[in-house]
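Novice: What follows is the file coords04.pdb, containing PDB, C-alpha atoms and all ligand atoms:
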ATOM      1  CA  MET A   1     188.838 171.032  59.538  1.00  0.00           C
ATOM      2  CA  THR A   2     191.678 173.536  59.337  1.00  0.00           C
ATOM      3  CA  THR A   3     190.772 177.112  60.141  1.00  0.00           C
ATOM      4  CA  ARG A   4     192.648 179.847  58.343  1.00  0.00           C
ATOM      5  CA  LEU A   5     191.184 183.321  58.542  1.00  0.00           C
ATOM      6  CA  ILE A   6     192.333 186.793  57.570  1.00  0.00           C
ATOM      7  CA  PHE A   7     190.967 189.704  59.588  1.00  0.00           C
ATOM      8  CA  LEU A   8     190.680 193.011  57.736  1.00  0.00           C
ATOM      9  CA  GLY A   9     189.388 196.350  58.908  1.00  0.00           C
ATOM     10  CA  PRO A  10     190.510 199.774  60.079  1.00  0.00           C
ATOM     11  CA  PRO A  11     192.524 200.380  63.269  1.00  0.00           C
ATOM     12  CA  GLY A  12     190.102 200.215  66.200  1.00  0.00           C
ATOM     13  CA  ALA A  13     187.596 197.949  64.419  1.00  0.00           C
ATOM     14  CA  GLY A  14     188.098 195.241  67.047  1.00  0.00           C
ATOM     15  CA  LYS A  15     190.185 192.873  64.913  1.00  0.00           C
ATOM     16  CA  GLY A  16     192.597 192.060  67.723  1.00  0.00           C
ATOM     17  CA  THR A  17     189.905 191.409  70.324  1.00  0.00           C
ATOM     18  CA  GLN A  18     187.745 189.299  68.049  1.00  0.00           C
ATOM     19  CA  ALA A  19     190.701 187.412  66.570  1.00  0.00           C
ATOM     20  CA  GLN A  20     191.850 186.542  70.092  1.00  0.00           C
ATOM     21  CA  VAL A  21     188.412 185.235  71.131  1.00  0.00           C
ATOM     22  CA  LEU A  22     188.045 183.065  68.025  1.00  0.00           C
ATOM     23  CA  ALA A  23     191.633 181.828  68.090  1.00  0.00           C
ATOM     24  CA  GLU A  24     191.186 180.574  71.650  1.00  0.00           C
ATOM     25  CA  GLU A  25     187.944 178.840  70.774  1.00  0.00           C
ATOM     26  CA  LEU A  26     189.278 177.264  67.600  1.00  0.00           C
ATOM     27  CA  LYS A  27     192.668 176.472  69.174  1.00  0.00           C
ATOM     28  CA  VAL A  28     194.735 178.082  66.441  1.00  0.00           C
ATOM     29  CA  PRO A  29     197.425 180.755  66.845  1.00  0.00           C
ATOM     30  CA  HIS A  30     196.374 184.393  66.706  1.00  0.00           C
ATOM     31  CA  ILE A  31     199.036 186.011  64.544  1.00  0.00           C
ATOM     32  CA  SER A  32     199.035 189.774  65.014  1.00  0.00           C
ATOM     33  CA  THR A  33     201.789 191.501  63.048  1.00  0.00           C
ATOM     34  CA  GLY A  34     201.339 194.636  65.196  1.00  0.00           C
ATOM     35  CA  GLU A  35     201.943 192.536  68.358  1.00  0.00           C
ATOM     36  CA  ILE A  36     205.007 190.892  66.830  1.00  0.00           C
ATOM     37  CA  LEU A  37     206.429 194.328  65.983  1.00  0.00           C
ATOM     38  CA  ARG A  38     205.616 195.813  69.405  1.00  0.00           C
ATOM     39  CA  SER A  39     207.397 192.951  71.110  1.00  0.00           C
ATOM     40  CA  ALA A  40     210.405 193.305  68.759  1.00  0.00           C
ATOM     41  CA  ILE A  41     210.587 196.994  69.721  1.00  0.00           C
ATOM     42  CA  GLU A  42     210.367 196.194  73.418  1.00  0.00           C
ATOM     43  CA  LEU A  43     213.166 193.644  73.097  1.00  0.00           C
ATOM     44  CA  ALA A  44     215.164 196.072  70.913  1.00  0.00           C
ATOM     45  CA  THR A  45     215.827 193.379  68.294  1.00  0.00           C
ATOM     46  CA  PRO A  46     217.129 194.432  64.854  1.00  0.00           C
ATOM     47  CA  LEU A  47     213.546 194.169  63.536  1.00  0.00           C
ATOM     48  CA  GLY A  48     212.363 196.409  66.375  1.00  0.00           C
ATOM     49  CA  GLN A  49     215.044 198.981  65.626  1.00  0.00           C
ATOM     50  CA  GLN A  50     214.137 198.989  61.942  1.00  0.00           C
ATOM     51  CA  THR A  51     210.402 199.412  62.521  1.00  0.00           C
ATOM     52  CA  GLN A  52     209.967 201.608  65.601  1.00  0.00           C
ATOM     53  CA  SER A  53     209.920 204.985  63.828  1.00  0.00           C
ATOM     54  CA  TYR A  54     207.301 203.837  61.296  1.00  0.00           C
ATOM     55  CA  MET A  55     204.995 202.624  64.035  1.00  0.00           C
ATOM     56  CA  GLU A  56     205.402 205.778  66.084  1.00  0.00           C
ATOM     57  CA  ARG A  57     204.431 207.879  63.075  1.00  0.00           C
ATOM     58  CA  GLY A  58     201.440 205.706  62.181  1.00  0.00           C
ATOM     59  CA  GLU A  59     203.064 204.717  58.885  1.00  0.00           C
ATOM     60  CA  LEU A  60     203.178 201.222  57.470  1.00  0.00           C
ATOM     61  CA  VAL A  61     206.375 199.258  57.943  1.00  0.00           C
ATOM     62  CA  PRO A  62     207.944 198.644  54.480  1.00  0.00           C
ATOM     63  CA  ASP A  63     206.605 195.597  52.666  1.00  0.00           C
ATOM     64  CA  GLU A  64     209.957 193.808  52.383  1.00  0.00           C
ATOM     65  CA  LEU A  65     210.298 193.637  56.187  1.00  0.00           C
ATOM     66  CA  MET A  66     206.699 192.470  56.580  1.00  0.00           C
ATOM     67  CA  LEU A  67     207.024 189.785  53.907  1.00  0.00           C
ATOM     68  CA  ASP A  68     210.018 188.200  55.652  1.00  0.00           C
ATOM     69  CA  LEU A  69     208.214 188.402  58.964  1.00  0.00           C
ATOM     70  CA  ILE A  70     205.062 186.651  57.734  1.00  0.00           C
ATOM     71  CA  ARG A  71     206.967 183.987  55.815  1.00  0.00           C
ATOM     72  CA  ASN A  72     208.932 183.078  58.952  1.00  0.00           C
ATOM     73  CA  ARG A  73     205.853 183.114  61.146  1.00  0.00           C
ATOM     74  CA  LEU A  74     203.727 180.932  58.856  1.00  0.00           C
ATOM     75  CA  ASN A  75     206.551 178.421  58.611  1.00  0.00           C
ATOM     76  CA  GLN A  76     206.634 177.862  62.368  1.00  0.00           C
ATOM     77  CA  ALA A  77     205.340 174.575  63.728  1.00  0.00           C
ATOM     78  CA  ASP A  78     202.277 175.985  65.511  1.00  0.00           C
ATOM     79  CA  ALA A  79     200.991 177.556  62.282  1.00  0.00           C
ATOM     80  CA  GLN A  80     200.734 174.288  60.356  1.00  0.00           C
ATOM     81  CA  ASN A  81     197.205 173.458  61.507  1.00  0.00           C
ATOM     82  CA  GLY A  82     195.500 176.794  61.108  1.00  0.00           C
ATOM     83  CA  TRP A  83     195.828 180.429  62.119  1.00  0.00           C
ATOM     84  CA  ILE A  84     194.056 183.746  62.350  1.00  0.00           C
ATOM     85  CA  LEU A  85     195.919 186.634  60.745  1.00  0.00           C
ATOM     86  CA  ASP A  86     195.275 190.030  62.291  1.00  0.00           C
ATOM     87  CA  GLY A  87     196.907 193.103  60.727  1.00  0.00           C
ATOM     88  CA  PHE A  88     198.291 191.333  57.667  1.00  0.00           C
ATOM     89  CA  PRO A  89     197.916 191.881  54.722  1.00  0.00           C
ATOM     90  CA  ARG A  90     197.723 195.679  54.787  1.00  0.00           C
ATOM     91  CA  THR A  91     198.750 196.411  51.189  1.00  0.00           C
ATOM     92  CA  VAL A  92     197.904 194.761  47.879  1.00  0.00           C
ATOM     93  CA  THR A  93     201.581 193.769  47.552  1.00  0.00           C
ATOM     94  CA  GLN A  94     201.300 191.921  50.881  1.00  0.00           C
ATOM     95  CA  ALA A  95     198.028 190.265  49.832  1.00  0.00           C
ATOM     96  CA  SER A  96     199.461 189.035  46.596  1.00  0.00           C
ATOM     97  CA  PHE A  97     202.656 187.841  48.338  1.00  0.00           C
ATOM     98  CA  LEU A  98     200.507 185.940  50.846  1.00  0.00           C
ATOM     99  CA  GLU A  99     198.553 184.308  48.035  1.00  0.00           C
ATOM    100  CA  ASP A 100     201.795 183.035  46.450  1.00  0.00           C
ATOM    101  CA  LEU A 101     203.304 182.045  49.805  1.00  0.00           C
ATOM    102  CA  LEU A 102     200.252 179.961  50.744  1.00  0.00           C
ATOM    103  CA  GLN A 103     200.404 178.159  47.448  1.00  0.00           C
ATOM    104  CA  GLU A 104     204.110 177.479  47.957  1.00  0.00           C
ATOM    105  CA  ILE A 105     203.590 176.056  51.466  1.00  0.00           C
ATOM    106  CA  HIS A 106     200.463 174.129  50.429  1.00  0.00           C
ATOM    107  CA  GLN A 107     198.000 176.021  52.563  1.00  0.00           C
ATOM    108  CA  THR A 108     194.676 177.563  51.548  1.00  0.00           C
ATOM    109  CA  CYS A 109     192.661 180.412  52.987  1.00  0.00           C
ATOM    110  CA  GLU A 110     189.250 181.066  51.483  1.00  0.00           C
ATOM    111  CA  CYS A 111     187.937 183.448  54.067  1.00  0.00           C
ATOM    112  CA  ALA A 112     188.798 187.103  54.695  1.00  0.00           C
ATOM    113  CA  ILE A 113     186.660 188.797  57.322  1.00  0.00           C
ATOM    114  CA  TYR A 114     186.090 192.524  56.990  1.00  0.00           C
ATOM    115  CA  LEU A 115     185.033 194.286  60.193  1.00  0.00           C
ATOM    116  CA  LYS A 116     183.290 197.500  59.136  1.00  0.00           C
ATOM    117  CA  VAL A 117     183.208 200.465  61.512  1.00  0.00           C
ATOM    118  CA  PRO A 118     182.680 204.179  60.684  1.00  0.00           C
ATOM    119  CA  ASP A 119     185.669 206.540  61.167  1.00  0.00           C
ATOM    120  CA  GLU A 120     184.091 208.643  63.937  1.00  0.00           C
ATOM    121  CA  VAL A 121     183.502 205.532  66.064  1.00  0.00           C
ATOM    122  CA  LEU A 122     187.089 204.393  65.429  1.00  0.00           C
ATOM    123  CA  ILE A 123     188.616 207.651  66.604  1.00  0.00           C
ATOM    124  CA  SER A 124     186.778 207.620  69.922  1.00  0.00           C
ATOM    125  CA  ARG A 125     187.540 203.915  70.455  1.00  0.00           C
ATOM    126  CA  LEU A 126     191.258 204.404  69.736  1.00  0.00           C
ATOM    127  CA  LEU A 127     191.540 207.452  71.980  1.00  0.00           C
ATOM    128  CA  ALA A 128     189.997 205.416  74.798  1.00  0.00           C
ATOM    129  CA  ARG A 129     192.449 202.523  74.250  1.00  0.00           C
ATOM    130  CA  GLY A 130     195.580 204.581  75.005  1.00  0.00           C
ATOM    131  CA  ARG A 131     198.294 202.530  73.284  1.00  0.00           C
ATOM    132  CA  GLN A 132     201.516 204.430  72.538  1.00  0.00           C
ATOM    133  CA  ASP A 133     200.481 205.037  68.927  1.00  0.00           C
ATOM    134  CA  ASP A 134     196.932 205.990  69.987  1.00  0.00           C
ATOM    135  CA  ASN A 135     197.339 209.770  70.101  1.00  0.00           C
ATOM    136  CA  GLU A 136     195.105 211.902  67.894  1.00  0.00           C
ATOM    137  CA  LYS A 137     197.769 212.852  65.325  1.00  0.00           C
ATOM    138  CA  THR A 138     198.944 209.264  64.813  1.00  0.00           C
ATOM    139  CA  ILE A 139     195.383 207.935  64.781  1.00  0.00           C
ATOM    140  CA  ARG A 140     194.442 210.295  61.942  1.00  0.00           C
ATOM    141  CA  ARG A 141     197.530 209.263  60.008  1.00  0.00           C
ATOM    142  CA  ARG A 142     196.756 205.555  60.540  1.00  0.00           C
ATOM    143  CA  LEU A 143     193.212 206.059  59.276  1.00  0.00           C
ATOM    144  CA  ASP A 144     194.471 207.917  56.165  1.00  0.00           C
ATOM    145  CA  VAL A 145     197.001 205.167  55.521  1.00  0.00           C
ATOM    146  CA  TYR A 146     194.237 202.609  55.997  1.00  0.00           C
ATOM    147  CA  HIS A 147     191.972 204.280  53.424  1.00  0.00           C
ATOM    148  CA  GLN A 148     194.805 204.672  50.919  1.00  0.00           C
ATOM    149  CA  GLU A 149     196.773 201.459  51.291  1.00  0.00           C
ATOM    150  CA  THR A 150     194.591 198.874  52.980  1.00  0.00           C
ATOM    151  CA  GLU A 151     191.113 199.475  51.539  1.00  0.00           C
ATOM    152  CA  PRO A 152     192.253 198.133  48.133  1.00  0.00           C
ATOM    153  CA  VAL A 153     193.020 194.841  49.923  1.00  0.00           C
ATOM    154  CA  ILE A 154     189.280 194.519  50.576  1.00  0.00           C
ATOM    155  CA  ASP A 155     188.653 194.598  46.820  1.00  0.00           C
ATOM    156  CA  PHE A 156     191.456 192.069  46.340  1.00  0.00           C
ATOM    157  CA  TYR A 157     189.557 189.489  48.428  1.00  0.00           C
ATOM    158  CA  SER A 158     186.163 190.578  47.157  1.00  0.00           C
ATOM    159  CA  ASP A 159     187.364 189.935  43.572  1.00  0.00           C
ATOM    160  CA  ARG A 160     188.295 186.407  44.673  1.00  0.00           C
ATOM    161  CA  SER A 161     184.891 185.912  46.360  1.00  0.00           C
ATOM    162  CA  SER A 162     186.620 185.346  49.694  1.00  0.00           C
ATOM    163  CA  LEU A 163     185.282 188.386  51.516  1.00  0.00           C
ATOM    164  CA  ARG A 164     182.751 188.275  54.381  1.00  0.00           C
ATOM    165  CA  ALA A 165     181.786 191.755  55.607  1.00  0.00           C
ATOM    166  CA  ILE A 166     180.550 192.160  59.175  1.00  0.00           C
ATOM    167  CA  ASN A 167     179.167 195.165  61.005  1.00  0.00           C
ATOM    168  CA  GLY A 168     181.756 195.869  63.717  1.00  0.00           C
ATOM    169  CA  ASP A 169     179.805 198.761  65.195  1.00  0.00           C
ATOM    170  CA  CYS A 170     177.965 196.734  67.855  1.00  0.00           C
ATOM    171  CA  SER A 171     178.804 195.114  71.174  1.00  0.00           C
ATOM    172  CA  LEU A 172     181.694 192.678  71.501  1.00  0.00           C
ATOM    173  CA  PRO A 173     179.464 189.565  71.926  1.00  0.00           C
ATOM    174  CA  GLU A 174     177.214 190.639  69.041  1.00  0.00           C
ATOM    175  CA  VAL A 175     180.219 190.962  66.729  1.00  0.00           C
ATOM    176  CA  THR A 176     181.536 187.563  67.877  1.00  0.00           C
ATOM    177  CA  GLU A 177     178.139 186.047  67.062  1.00  0.00           C
ATOM    178  CA  SER A 178     178.051 187.522  63.525  1.00  0.00           C
ATOM    179  CA  LEU A 179     181.607 186.381  63.021  1.00  0.00           C
ATOM    180  CA  LYS A 180     180.799 182.805  63.879  1.00  0.00           C
ATOM    181  CA  GLU A 181     177.879 182.846  61.461  1.00  0.00           C
ATOM    182  CA  ALA A 182     180.085 184.331  58.756  1.00  0.00           C
ATOM    183  CA  ILE A 183     182.831 181.728  59.085  1.00  0.00           C
ATOM    184  CA  ALA A 184     180.529 178.731  59.399  1.00  0.00           C
ATOM    185  CA  PRO A 185     180.644 178.007  55.637  1.00  0.00           C
ATOM    186  CA  CYS A 186     184.406 178.692  55.407  1.00  0.00           C
TER     187      CYS A 186
HETATM  188  P1  LIG B   1     198.230 197.085  64.647  1.00  0.00           P
HETATM  189  O1  LIG B   1     198.581 196.551  65.993  1.00  0.00           O
HETATM  190  O2  LIG B   1     197.751 196.012  63.696  1.00  0.00           O
HETATM  191  O3  LIG B   1     197.301 198.276  64.709  1.00  0.00           O
HETATM  192  O4  LIG B   1     199.596 197.628  64.003  1.00  0.00           O
HETATM  193  C1  LIG B   1     200.316 198.689  64.597  1.00  0.00           C
HETATM  194  C2  LIG B   1     201.351 199.245  63.634  1.00  0.00           C
HETATM  195  O5  LIG B   1     202.258 198.214  63.232  1.00  0.00           O
HETATM  196  C3  LIG B   1     200.801 199.788  62.326  1.00  0.00           C
HETATM  197  O6  LIG B   1     200.348 201.125  62.442  1.00  0.00           O
HETATM  198  C4  LIG B   1     202.032 199.675  61.408  1.00  0.00           C
HETATM  199  O7  LIG B   1     202.970 200.695  61.691  1.00  0.00           O
HETATM  200  C5  LIG B   1     202.653 198.361  61.879  1.00  0.00           C
HETATM  201  N1  LIG B   1     202.141 197.193  61.114  1.00  0.00           N
HETATM  202  C6  LIG B   1     201.436 196.140  61.610  1.00  0.00           C
HETATM  203  N2  LIG B   1     201.132 195.250  60.655  1.00  0.00           N
HETATM  204  C7  LIG B   1     201.642 195.753  59.502  1.00  0.00           C
HETATM  205  C8  LIG B   1     201.652 195.322  58.144  1.00  0.00           C
HETATM  206  N3  LIG B   1     201.038 194.189  57.767  1.00  0.00           N
HETATM  207  N4  LIG B   1     202.276 196.119  57.236  1.00  0.00           N
HETATM  208  C9  LIG B   1     202.900 197.256  57.586  1.00  0.00           C
HETATM  209  N5  LIG B   1     202.921 197.728  58.841  1.00  0.00           N
HETATM  210  C10 LIG B   1     202.306 196.988  59.809  1.00  0.00           C
END
Could the structure of this file be written out as structure tokens, please?
Ligand code: AMP
Specialist:
Amino acid sequence: MTTRLIFLGPPGAGKGTQAQVLAEELKVPHISTGEILRSAIELATPLGQQTQSYMERGELVPDELMLDLIRNRLNQADAQNGWILDGFPRTVTQASFLEDLLQEIHQTCECAIYLKVPDEVLISRLLARGRQDDNEKTIRRRLDVYHQETEPVIDFYSDRSSLRAINGDCSLPEVTESLKEAIAPC
């Protein structure tokens, strides 16, 4: 069976950690758009130079850059037998692009996982993490952007009956357990 999963949820919900655990177990690539961008910035590639200021401000990178990025990534050889997407899609434009792209490359994804965590828990988790964009001002901006731009993506998948919501406000192994139960029918 081919596993293709989309991880949705606010910054600090544990998407990256959980996606990594599952990807290792299921032997599929963990595709984190945030990681791809951070490494582009570190290597000072053209993509890194174009995206650095957005990331530092906690803003979303413009859709046209993200659409190219995801198209290239999903066309790579290691993504042909499954993947876990973490951090994409983050806007309805991205979600609808992904839907068309998957159809074009003859892939299907019927399962979007939504990790739910209240804002106050997110802020303390993010402050403890200490990534470069994890300062209080940027965190608040990222949460606002999440509520405005990314929450509608949850409805997008819910309307297509693809959404599985999970309580992300528990311990790491508990969340992993609920995740496995949620994806069992996928
Ligand atoms: P993350 O590691 O998923 O928290 O992403 C870190 C930052 O990368 C975000 O705050 C955005 O600036 C940028 N980013 C990652 N994925 C996307 C995306 N799908 N669309 C737009 N910006 C993104």
Novice: Excluding Ile183 in chain A and any residue of its chain fewer than 5 positions from it, enumerate the residues within 10 Å of it, using all atoms listed in the file, and give them as a list in words.
Specialist: Thr3, Leu5, Glu110, Cys111, Ala112, Ile113, Arg164 and Ser178 of chain A
Novice: For ligand LIG 1 (chain B), return the neighbouring residues as a PyMOL selection string (distance at most 8 Å; all atoms listed in the file).
Specialist: chain A and resi 11-12+16+32-35+37-38+51+54-63+66+86-91+94+133+142
Novice: With the PyMOL selection byres (((chain A and resi 19) around 8) and not hetatm) as the selection, what would be picked from this file? Answer as a list in words, please.
Specialist: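 That expression, the PyMOL selection byres (((chain A and resi 19) around 8) and not hetatm), corresponds here to Phe7, Lys15, Gly16, Thr17, Gln18, Gln20, Val21, Leu22, Ala23, His30, Ile84, Leu85 and Asp86 of chain A.
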Novice: With C-alpha atoms retained, write the just-selected residues as a CSV table (one decimal), in the frame of the given file.
Specialist:
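Once written, result_20.csv looks like this:
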chain,number,residue,atom,x,y,z
A,7,PHE,CA,191.0,189.7,59.6
A,15,LYS,CA,190.2,192.9,64.9
A,16,GLY,CA,192.6,192.1,67.7
A,17,THR,CA,189.9,191.4,70.3
A,18,GLN,CA,187.7,189.3,68.0
A,20,GLN,CA,191.8,186.5,70.1
A,21,VAL,CA,188.4,185.2,71.1
A,22,LEU,CA,188.0,183.1,68.0
A,23,ALA,CA,191.6,181.8,68.1
A,30,HIS,CA,196.4,184.4,66.7
A,84,ILE,CA,194.1,183.7,62.4
A,85,LEU,CA,195.9,186.6,60.7
A,86,ASP,CA,195.3,190.0,62.3
Novice: Rounded to one decimal place, report the CA of Ser53 in chain A-CA of Leu98 in chain A distance in Å.
Specialist: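 A separation of 24.9 Å between them.
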Novice: Please provide the set of residues having any atom within 8 Å of range 148-157 of chain A, restricted to only C-alpha atoms, with same-chain residues fewer than 2 positions apart removed, written as a list in words.
Specialist: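 Skipping anything fewer than 2 positions along the chain leaves Leu8, Pro89, Arg90, Thr91, Val92, Ala95, Ala112, Tyr114, Asp144, Val145, Tyr146, Asp159, Arg160, Ser161, Ser162 and Leu163 of chain A.
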Novice: Set up a box along x, y and z of the file covering all listed atoms of range 157-176 of chain A, add 3 Å on every one of the six sides, and write the centre and edge lengths in Å to one decimal, as JSON.
Specialist:
{"center_x": 183.4, "center_y": 192.1, "center_z": 57.7, "size_x": 18.3, "size_y": 19.4, "size_z": 34.4}
Novice: Which distance in Å separates CA of Glu64 in chain A and CA of Phe97 in chain A, to one decimal?
Specialist: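 CA of Glu64 in chain A sits 10.3 Å away from CA of Phe97 in chain A.
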Novice: Could you please determine the separation between CA of Ala165 in chain A and CA of Leu115 in chain A in Å, to one decimal place?
Specialist: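 We find that CA of Ala165 in chain A and CA of Leu115 in chain A lie 6.2 Å from each other.
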Novice: Of the candidates A:Ala77, A:Leu143, A:Ala182, A:Ile41, which shows the shortest atom-to-atom distance to Val121 in chain A, using all atoms listed in the file?
Specialist: A:Leu143
Novice: Selection in question (the file shown): the PyMOL selection byres (((chain A and resi 123) around 8) and not hetatm). Which residues does it include, as a PyMOL selection string?
Specialist: chain A and resi 12+119-122+124-127+136+139-140
Novice: For each of A:Asn167, A:Lys137, A:Pro10, A:Ile31, take the minimum atom-to-atom distance to Asn72 in chain A, counting all atoms listed in the file, then give the residue where this is smallest.
Specialist: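 Under the stated criterion, the closest residue is A:Ile31.
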Novice: Write out as a list in words each polymer residue whose atoms come within 6 Å of Val117 in chain A, counting only C-alpha atoms; drop sequence neighbours fewer than 4 positions from it.
Specialist: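 My list of contacting residues is Ala13, Gly168 and Asp169 of chain A.
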Novice: With all atoms listed in the file as the basis for distance, which of A:Glu181, A:Glu99, A:Glu42, A:Glu25 is at the shortest distance from Ile70 in chain A?
Specialist: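 Closest to Ile70 in chain A of all the choices is A:Glu99.
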Novice: Mind completing range 3-11 of chain A with all heavy atoms? Output as a compact mmCIF listing (two decimals), in the coordinates of the input, please?
Specialist:
# COMPACT_ATOMS: atom_id res chain seq x y z
N THR A 3 191.27 175.74 60.23
CA THR A 3 190.77 177.11 60.14
C THR A 3 191.89 178.06 59.78
O THR A 3 192.90 178.14 60.49
CB THR A 3 190.21 177.55 61.51
OG1 THR A 3 189.25 176.59 61.92
CG2 THR A 3 189.57 178.92 61.41
N ARG A 4 191.72 178.76 58.68
CA ARG A 4 192.65 179.85 58.34
C ARG A 4 191.82 181.06 57.97
O ARG A 4 191.03 181.01 57.03
CB ARG A 4 193.56 179.46 57.17
CG ARG A 4 194.47 178.29 57.50
CD ARG A 4 195.53 178.07 56.44
NE ARG A 4 196.16 176.78 56.66
CZ ARG A 4 195.81 175.67 56.03
NH1 ARG A 4 194.85 175.68 55.13
NH2 ARG A 4 196.42 174.55 56.31
N LEU A 5 191.99 182.12 58.75
CA LEU A 5 191.18 183.32 58.54
C LEU A 5 192.07 184.55 58.49
O LEU A 5 193.07 184.65 59.21
CB LEU A 5 190.20 183.52 59.71
CG LEU A 5 189.17 182.43 59.97
CD1 LEU A 5 188.44 182.72 61.27
CD2 LEU A 5 188.18 182.38 58.81
N ILE A 6 191.65 185.50 57.65
CA ILE A 6 192.33 186.79 57.57
C ILE A 6 191.37 187.84 58.10
O ILE A 6 190.22 187.90 57.65
CB ILE A 6 192.69 187.10 56.10
CG1 ILE A 6 193.75 186.11 55.61
CG2 ILE A 6 193.17 188.54 55.94
CD1 ILE A 6 193.94 186.13 54.10
N PHE A 7 191.81 188.64 59.06
CA PHE A 7 190.97 189.70 59.59
C PHE A 7 191.37 191.04 59.00
O PHE A 7 192.52 191.49 59.17
CB PHE A 7 191.12 189.78 61.12
CG PHE A 7 190.16 188.89 61.85
CD1 PHE A 7 189.89 187.62 61.40
CD2 PHE A 7 189.51 189.34 62.99
CE1 PHE A 7 189.00 186.79 62.06
CE2 PHE A 7 188.62 188.53 63.66
CZ PHE A 7 188.36 187.26 63.20
N LEU A 8 190.42 191.69 58.32
CA LEU A 8 190.68 193.01 57.74
C LEU A 8 189.78 194.03 58.41
O LEU A 8 188.72 193.70 58.92
CB LEU A 8 190.35 193.00 56.24
CG LEU A 8 191.06 191.99 55.37
CD1 LEU A 8 190.44 191.98 53.97
CD2 LEU A 8 192.54 192.31 55.29
N GLY A 9 190.22 195.29 58.34
CA GLY A 9 189.39 196.35 58.91
C GLY A 9 190.28 197.45 59.42
O GLY A 9 191.49 197.24 59.61
N PRO A 10 189.70 198.63 59.65
CA PRO A 10 190.51 199.77 60.08
C PRO A 10 191.05 199.60 61.50
O PRO A 10 190.56 198.75 62.24
CB PRO A 10 189.50 200.93 60.02
CG PRO A 10 188.17 200.30 60.12
CD PRO A 10 188.28 198.94 59.49
N PRO A 11 192.05 200.42 61.88
CA PRO A 11 192.52 200.38 63.27
C PRO A 11 191.36 200.73 64.20
O PRO A 11 190.62 201.67 63.94
CB PRO A 11 193.61 201.46 63.32
CG PRO A 11 193.48 202.27 62.07
CD PRO A 11 192.76 201.42 61.07
